[in-house]
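Novice: This is the structure I want to talk about, given as structure tokens.
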Amino acid sequence: MGRTYQTSDFRNGLKVELDNGPYTMVYFQFVKPGKGTAFTRTKLKHMLTGNVIERTYRTGETLPAADVEEETMQYLYNDGEDYHFMNEETYEQVAIRADAIKEEAPFLVENDKVDVLYYKGNPVNITLPNFIESEVTYCEPGVRGNTAQGATKSATLACGATVNVPLFIDQGEILKIDTRTKEYVGRVQK
Amino acid sequence: MNPQRLRQRAAIIRALRGWFDQHGYLEIHTPVIVDSPALEEHLEAVPVGQQFLHTSPEFAMKRVLASGLCRIYQIGPCFREEEVGVHHAREFTMLEWYRAGAGTAELMDDVESIISTAAVAIGLPALTLSRRTVDSLRAEAGLQDTLNEVEWFRGWVEKVEPALLEPTIVYNYPTWQAALARERNGSADRFEVYLGGIEIANCFAEEGCADTLRQRFEQSNAKRRAMDRTPHPVDEPLLAATPTMPRCAGIAMGIERLVMALTGAENIADVQVR
């Protein structure tokens, strides 16, 4: 019997197990109707698919903890089907199928450290570092001095992602990208 | 705490006192430490020695009504254990007022006028409250009748409250949620006020029969025992005063929730000093 959480343990980031897999709690709110028992409204995000569901739990109900672990690993390479990661202390390597990390994969930069999520002992998902740096491999030529607010063009990065960048950016420049918003943050001095 | 919100809170409370003054209500203060903290199976009081901090000033205010004062109000701290969240704090401020000779209809008018006074005090327009029965809201949310108390409230919390965005007075509750309200035409004669989907006030047309009240205390305590909660002592001074209590209605409003609803504050911690 694994550990379970009471409604009083609820907090953002709690990892719980429902019928169809592990979920992270992304919202919780204590509610108590005038003459009734107390409930906690929650929003739960599926840790593999990203689907968000709403559930209401009565005080006294419990949820089992999800059998998940996170491990910081180095991204090594992509062999066309799988993405390979290595524990830098044990040199143990694991592979994750491309379709499990479709959203994240374009922002994987070789040698960057990512958090690999294990569910029931198997690597199933990753959390990217908040920021990555990657070189522009293609964009329209830069327009000097054009700093008009809001005007952007699209740029393809060495890691594979395509992001919107300001008009003055040139091919060959290294950009800093926020992986949470998938947005351009700035240029990096070479 | 947010200094701007505290200024708005002060402006609202000042305007509320002005409203009660104008309408002939007397401000009173009842003891915070009491023998019997509540008649409700789902409320947990904070113990102080053999006594409790009150969860609301209801019982003492009714004894004041029975003593002959017809319009009374009180603004002060109340305490409830186990209630913590963005809309709940263990210690919060309650406005409670009672009016002799009145029923829920008169207090619906009072509450609309009071919320409007509070809104105007911080530069907002006056509010109109829709009036809806519990049954009509449940039907609209597609909820079936149920005798299961937990499922009733689960449906309410999941389906009805999130859709209650307009300022609304909800009335005609099932009799098993009467607490200290009288029953009339098969319903509990009480209402709640919702602003932005959050309950901010609860009104009873008060039950005036001491025997009925004693039964309610006993039923509530039976439920408490079944839930492994300590039963609350029956408030004997209240039952002794009940025969001389006039026909009346009373209402309790959470000041922090009122301030939150009007200012848009998202956390009760923003509108109170912690």
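As shown in the structure tokens, the chain order sets the letters A, B, ...; within each chain, residues go from 1, and ligands are also counted from 1 in the order they appear.
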Residues of chain B that have any atom at most 10 Å from an atom of chain A: could you tabulate them with the shortest-distance atom pair and the distance in Å to one decimal, using only C-alpha atoms, ordered by chain and increasing number, as a Markdown table?
Specialist:
```
| residue | atom | partner | partner_atom | distance |
| --- | --- | --- | --- | --- |
| B:Glu40 | CA | A:Lys35 | CA | 7.3 |
| B:Glu41 | CA | A:Gly36 | CA | 8.3 |
| B:His42 | CA | A:Thr37 | CA | 5.7 |
| B:Leu43 | CA | A:Thr37 | CA | 8.8 |
| B:Glu82 | CA | A:Ser8 | CA | 9.0 |
| B:Glu83 | CA | A:Phe30 | CA | 7.8 |
| B:Val84 | CA | A:Phe30 | CA | 7.0 |
| B:Gly85 | CA | A:Phe30 | CA | 5.3 |
| B:Val86 | CA | A:Gln29 | CA | 6.9 |
| B:His87 | CA | A:Phe30 | CA | 7.6 |
| B:His88 | CA | A:Phe30 | CA | 7.7 |
| B:Glu149 | CA | A:Gly36 | CA | 8.0 |
| B:Val150 | CA | A:Thr37 | CA | 7.1 |
| B:Glu151 | CA | A:Arg58 | CA | 9.8 |
| B:Trp152 | CA | A:Gly36 | CA | 9.1 |
| B:Phe153 | CA | A:Gly36 | CA | 6.5 |
| B:Arg154 | CA | A:Thr56 | CA | 7.3 |
| B:Gly155 | CA | A:Thr56 | CA | 9.6 |
| B:Trp156 | CA | A:Pro33 | CA | 8.0 |
| B:Val157 | CA | A:Pro33 | CA | 7.2 |
| B:Glu158 | CA | A:Thr56 | CA | 6.9 |
| B:Glu161 | CA | A:Pro33 | CA | 9.2 |
| B:Trp176 | CA | A:Lys35 | CA | 9.4 |
| B:Gln177 | CA | A:Lys35 | CA | 6.1 |
| B:Ala178 | CA | A:Lys35 | CA | 8.3 |
| B:Ala179 | CA | A:Lys35 | CA | 7.7 |
| B:Phe191 | CA | A:Gly34 | CA | 10.0 |
| B:Glu192 | CA | A:Gly34 | CA | 7.9 |
| B:Ile198 | CA | A:Val31 | CA | 9.1 |
| B:Glu199 | CA | A:Gly34 | CA | 7.6 |
| B:Ile200 | CA | A:Gly34 | CA | 9.5 |
| B:Ala201 | CA | A:Gly34 | CA | 8.8 |
| B:Asn202 | CA | A:Gly34 | CA | 7.3 |
```
Novice: Keeping only C-alpha atoms, write those residues as a PDB file, in the first residue's frame.
Specialist:
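So the final result, stored in out_27.pdb, reads:
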```
ATOM      1  CA  GLU B  40     -24.115  22.635  13.052  1.00  0.00           C
ATOM      2  CA  GLU B  41     -22.587  19.289  12.464  1.00  0.00           C
ATOM      3  CA  HIS B  42     -20.009  20.606  10.006  1.00  0.00           C
ATOM      4  CA  LEU B  43     -18.598  23.450  12.083  1.00  0.00           C
ATOM      5  CA  GLU B  82     -10.377  23.359   9.905  1.00  0.00           C
ATOM      6  CA  GLU B  83     -11.306  26.120   7.457  1.00  0.00           C
ATOM      7  CA  VAL B  84      -8.345  27.397   5.498  1.00  0.00           C
ATOM      8  CA  GLY B  85      -8.233  28.465   1.868  1.00  0.00           C
ATOM      9  CA  VAL B  86      -8.442  31.470  -0.415  1.00  0.00           C
ATOM     10  CA  HIS B  87     -11.960  32.169   0.892  1.00  0.00           C
ATOM     11  CA  HIS B  88     -11.519  30.815   4.426  1.00  0.00           C
ATOM     12  CA  GLU B 149     -26.385  14.675   1.663  1.00  0.00           C
ATOM     13  CA  VAL B 150     -22.832  14.427   0.365  1.00  0.00           C
ATOM     14  CA  GLU B 151     -23.982  13.996  -3.237  1.00  0.00           C
ATOM     15  CA  TRP B 152     -26.371  16.942  -2.828  1.00  0.00           C
ATOM     16  CA  PHE B 153     -23.512  19.205  -1.782  1.00  0.00           C
ATOM     17  CA  ARG B 154     -21.081  17.735  -4.330  1.00  0.00           C
ATOM     18  CA  GLY B 155     -23.541  18.682  -7.081  1.00  0.00           C
ATOM     19  CA  TRP B 156     -23.947  22.123  -5.548  1.00  0.00           C
ATOM     20  CA  VAL B 157     -20.195  22.740  -5.355  1.00  0.00           C
ATOM     21  CA  GLU B 158     -19.393  21.261  -8.784  1.00  0.00           C
ATOM     22  CA  GLU B 161     -21.816  27.509  -7.510  1.00  0.00           C
ATOM     23  CA  TRP B 176     -32.750  19.200   6.432  1.00  0.00           C
ATOM     24  CA  GLN B 177     -30.563  22.312   5.975  1.00  0.00           C
ATOM     25  CA  ALA B 178     -32.726  24.431   8.278  1.00  0.00           C
ATOM     26  CA  ALA B 179     -30.287  24.728  11.235  1.00  0.00           C
ATOM     27  CA  PHE B 191     -31.498  32.410   2.043  1.00  0.00           C
ATOM     28  CA  GLU B 192     -27.865  32.786   1.088  1.00  0.00           C
ATOM     29  CA  ILE B 198     -18.941  32.804  -3.518  1.00  0.00           C
ATOM     30  CA  GLU B 199     -21.386  32.640  -0.628  1.00  0.00           C
ATOM     31  CA  ILE B 200     -21.078  35.853   1.367  1.00  0.00           C
ATOM     32  CA  ALA B 201     -24.133  35.792   3.649  1.00  0.00           C
ATOM     33  CA  ASN B 202     -26.661  33.447   5.214  1.00  0.00           C
TER      34      ASN B 202
END
```
Novice: Among segment 40-162 of chain B, which ones does DSSP assign to strand (DSSP E or B) (computed from the backbone)? Answer as a PyMOL selection string.
Specialist: chain B and resi 47-48+51-53+71-79+85+88+91-100+130-133
Novice: Please report, as a list in words, each residue of segment 6-138 of chain A to which DSSP assigns helix (DSSP H, G or I) when run on this structure's backbone.
Specialist: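 Filtering segment 6-138 of chain A to helix (DSSP H, G or I) leaves Thr7, Ser8, Asp9, Ala98, Asp99, Ala100, Ile101, Ala105, Pro106 and Phe107 of chain A.
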Novice: Selection from above, C-alpha atoms, as a tab-separated table (two decimals), in the first residue's frame, can you write it?
Specialist:
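What follows is the written file part-v2.tsv:
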```tsv
chain	number	residue	atom	x	y	z
A	7	THR	CA	-7.51	16.76	1.30
A	8	SER	CA	-5.56	18.76	3.90
A	9	ASP	CA	-2.33	17.67	2.14
A	98	ALA	CA	9.65	10.61	-29.57
A	99	ASP	CA	5.84	10.64	-29.44
A	100	ALA	CA	5.90	10.87	-25.61
A	101	ILE	CA	7.79	14.17	-25.72
A	105	ALA	CA	11.68	17.52	-28.18
A	106	PRO	CA	12.26	20.57	-30.44
A	107	PHE	CA	13.79	22.41	-27.47
```
Novice: Which residues are near segment 185-189 of chain A? Cut-off 9 Å, only C-alpha atoms, ignore same chain within fewer than 3 positions. Put them as a PDB file with C-alpha atoms, in the first residue's frame.
Specialist:
```pdb
ATOM      1  CA  PHE A 131      15.850  28.519 -20.608  1.00  0.00           C
ATOM      2  CA  GLU A 133      20.346  28.626 -25.882  1.00  0.00           C
ATOM      3  CA  VAL A 165      12.033  36.605 -33.151  1.00  0.00           C
ATOM      4  CA  ILE A 169      17.967  38.844 -35.712  1.00  0.00           C
ATOM      5  CA  GLU A 173      23.192  34.281 -33.827  1.00  0.00           C
ATOM      6  CA  ILE A 174      22.628  32.391 -30.584  1.00  0.00           C
ATOM      7  CA  LEU A 175      19.275  33.052 -28.925  1.00  0.00           C
ATOM      8  CA  LYS A 176      17.967  32.515 -25.441  1.00  0.00           C
ATOM      9  CA  ILE A 177      14.491  30.929 -25.379  1.00  0.00           C
ATOM     10  CA  ASP A 178      12.075  30.495 -22.468  1.00  0.00           C
TER      11      ASP A 178
END
```
Novice: So that I can check the surroundings of segment 71-74 of chain A, please list as a list of chain:residue names every protein, DNA and RNA residue that reaches within 9 Å of it, counting only C-alpha atoms and ignoring chain neighbours fewer than 5 positions away.
Specialist: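 The filter keeps A:His84, A:Phe85, A:Met86, A:Asn87, A:Glu88, A:Gln93, A:Glu110, A:Asn111, A:Asp112, A:Lys113, A:Val114, A:Asp115, A:Val116, A:Leu117, A:Tyr118.
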Novice: Got a sec: who's within 9 Å of Glu140 of chain A, counting only C-alpha atoms, leaving out chain neighbours fewer than 5 positions off, as a list in words?
Specialist: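 These residues fall inside the cut-off: Lys153, Ser154, Ala155, Leu167, Ile169, Asp170 and Gln171 of chain A.
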Novice: Can I get the selected residues back with C-alpha atoms, as a short mmCIF file (atom, residue, chain, number, x, y, z; two decimals), in the first residue's frame?
Specialist:
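This is the output file result_34.cif:
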```
data_model
loop_
_atom_site.label_atom_id
_atom_site.label_comp_id
_atom_site.auth_asym_id
_atom_site.auth_seq_id
_atom_site.Cartn_x
_atom_site.Cartn_y
_atom_site.Cartn_z
CA LYS A 153 9.57 36.91 -38.13
CA SER A 154 10.05 33.22 -37.70
CA ALA A 155 13.46 31.64 -37.07
CA LEU A 167 13.28 41.54 -37.24
CA ILE A 169 17.97 38.84 -35.71
CA ASP A 170 20.41 37.23 -38.17
CA GLN A 171 21.27 33.68 -39.08
#
```
Novice: Could you list, as a ChimeraX atom specification, every residue within 10 Å of Val193 of chain B, counting only C-alpha atoms and ignoring same-chain residues fewer than 5 positions away?
Specialist: /B:108,111-112,129-131,167-171,198-203,253
Novice: Point out the residue among B:Ala241, B:Met227, B:Val134, B:Leu39 with the least atom-to-atom distance to Ala188 of chain B, counting only C-alpha atoms.
Specialist: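 Ranked by minimum distance to Ala188 of chain B, first place goes to B:Val134.
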Novice: Quick one, how far is atom CA of Ala139 of chain B from atom CA of Ile53 of chain A?
Specialist: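 Calculated distance between atom CA of Ala139 of chain B and atom CA of Ile53 of chain A is 23.8 Å.
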Novice: Using only C-alpha atoms, which residues sit within 10 Å of segment 4-17 of chain B once same-chain residues fewer than 2 positions away are excluded, as a ChimeraX atom specification?
Specialist: /B:1-2,19-23,25-27,73-75,95,114-123,255-256,258-260,262-265,270-273
Novice: Keeping only N, CA and C atoms, write those residues as a short mmCIF file (atom, residue, chain, number, x, y, z; two decimals), in the first residue's frame.
Specialist:
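Saved the output as selection.cif:
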```cif
data_model
loop_
_atom_site.label_atom_id
_atom_site.label_comp_id
_atom_site.auth_asym_id
_atom_site.auth_seq_id
_atom_site.Cartn_x
_atom_site.Cartn_y
_atom_site.Cartn_z
N MET B 1 -1.29 40.88 3.47
CA MET B 1 -2.21 42.03 3.51
C MET B 1 -1.82 43.04 2.45
N ASN B 2 -2.81 43.73 1.94
CA ASN B 2 -2.59 44.68 0.87
C ASN B 2 -3.14 46.03 1.36
N TRP B 19 -25.03 52.92 7.56
CA TRP B 19 -26.32 52.36 7.12
C TRP B 19 -27.13 51.88 8.32
N PHE B 20 -26.47 51.13 9.22
CA PHE B 20 -27.20 50.59 10.38
C PHE B 20 -27.70 51.72 11.29
N ASP B 21 -26.88 52.76 11.44
CA ASP B 21 -27.26 53.91 12.23
C ASP B 21 -28.54 54.54 11.67
N GLN B 22 -28.50 54.77 10.35
CA GLN B 22 -29.65 55.40 9.67
C GLN B 22 -30.92 54.58 9.77
N HIS B 23 -30.76 53.25 9.80
CA HIS B 23 -31.93 52.38 9.79
C HIS B 23 -32.33 51.93 11.19
N TYR B 25 -30.62 50.59 13.75
CA TYR B 25 -30.02 49.40 14.38
C TYR B 25 -29.03 49.83 15.45
N LEU B 26 -29.03 49.08 16.56
CA LEU B 26 -28.11 49.35 17.66
C LEU B 26 -26.91 48.42 17.57
N GLU B 27 -25.72 48.99 17.68
CA GLU B 27 -24.52 48.12 17.65
C GLU B 27 -24.33 47.50 19.03
N TYR B 73 -27.13 44.98 15.60
CA TYR B 73 -26.10 44.44 14.69
C TYR B 73 -24.78 44.36 15.44
N GLN B 74 -23.87 43.59 14.86
CA GLN B 74 -22.56 43.38 15.48
C GLN B 74 -21.55 43.14 14.37
N ILE B 75 -20.37 43.74 14.52
CA ILE B 75 -19.26 43.44 13.60
C ILE B 75 -18.10 42.99 14.46
N LEU B 95 -20.27 40.25 10.06
CA LEU B 95 -21.32 41.23 10.32
C LEU B 95 -22.60 40.43 10.51
N ILE B 114 -27.61 47.04 1.71
CA ILE B 114 -26.31 47.07 2.40
C ILE B 114 -25.16 46.81 1.44
N ILE B 115 -25.33 45.81 0.56
CA ILE B 115 -24.25 45.51 -0.39
C ILE B 115 -24.06 46.71 -1.33
N SER B 116 -25.16 47.34 -1.71
CA SER B 116 -25.05 48.52 -2.57
C SER B 116 -24.34 49.65 -1.84
N THR B 117 -24.66 49.83 -0.55
CA THR B 117 -23.99 50.87 0.24
C THR B 117 -22.49 50.62 0.28
N ALA B 118 -22.12 49.35 0.46
CA ALA B 118 -20.70 48.99 0.51
C ALA B 118 -20.04 49.25 -0.84
N ALA B 119 -20.75 48.92 -1.93
CA ALA B 119 -20.19 49.12 -3.27
C ALA B 119 -19.97 50.61 -3.53
N VAL B 120 -20.99 51.41 -3.21
CA VAL B 120 -20.90 52.85 -3.45
C VAL B 120 -19.76 53.47 -2.63
N ALA B 121 -19.52 52.91 -1.44
CA ALA B 121 -18.48 53.45 -0.55
C ALA B 121 -17.09 53.37 -1.19
N ILE B 122 -16.89 52.44 -2.12
CA ILE B 122 -15.57 52.36 -2.77
C ILE B 122 -15.68 52.72 -4.25
N GLY B 123 -16.73 53.50 -4.58
CA GLY B 123 -16.80 54.07 -5.93
C GLY B 123 -17.40 53.17 -6.99
N ILE B 255 -17.38 39.71 6.29
CA ILE B 255 -16.87 41.02 5.84
C ILE B 255 -15.73 40.83 4.83
N GLU B 256 -14.82 39.91 5.12
CA GLU B 256 -13.70 39.72 4.19
C GLU B 256 -14.21 39.30 2.80
N LEU B 258 -17.15 39.92 1.49
CA LEU B 258 -17.80 41.07 0.86
C LEU B 258 -16.73 41.98 0.23
N VAL B 259 -15.67 42.25 1.01
CA VAL B 259 -14.61 43.12 0.50
C VAL B 259 -13.93 42.48 -0.71
N MET B 260 -13.69 41.17 -0.63
CA MET B 260 -13.08 40.46 -1.77
C MET B 260 -13.94 40.58 -3.02
N LEU B 262 -16.17 42.76 -3.82
CA LEU B 262 -16.31 44.12 -4.37
C LEU B 262 -14.98 44.64 -4.93
N THR B 263 -13.86 44.25 -4.32
CA THR B 263 -12.56 44.79 -4.78
C THR B 263 -11.88 43.89 -5.79
N GLY B 264 -12.37 42.65 -5.92
CA GLY B 264 -11.71 41.72 -6.84
C GLY B 264 -10.50 41.04 -6.22
N ALA B 265 -10.29 41.20 -4.91
CA ALA B 265 -9.17 40.50 -4.26
C ALA B 265 -9.40 38.99 -4.39
N ASP B 270 -5.43 38.97 1.49
CA ASP B 270 -5.22 40.34 1.00
C ASP B 270 -6.09 41.36 1.74
N VAL B 271 -7.19 40.91 2.34
CA VAL B 271 -8.14 41.86 2.90
C VAL B 271 -8.21 41.79 4.42
N GLN B 272 -7.30 41.03 5.04
CA GLN B 272 -7.24 41.03 6.49
C GLN B 272 -5.77 41.09 6.93
N VAL B 273 -5.54 41.55 8.15
CA VAL B 273 -4.18 41.59 8.67
C VAL B 273 -3.92 40.22 9.29
#
```
Novice: State, in Å with one decimal place, the distance from atom CA of Ala226 of chain B to atom CA of Ala45 of chain B.
Specialist: 17.5 Å
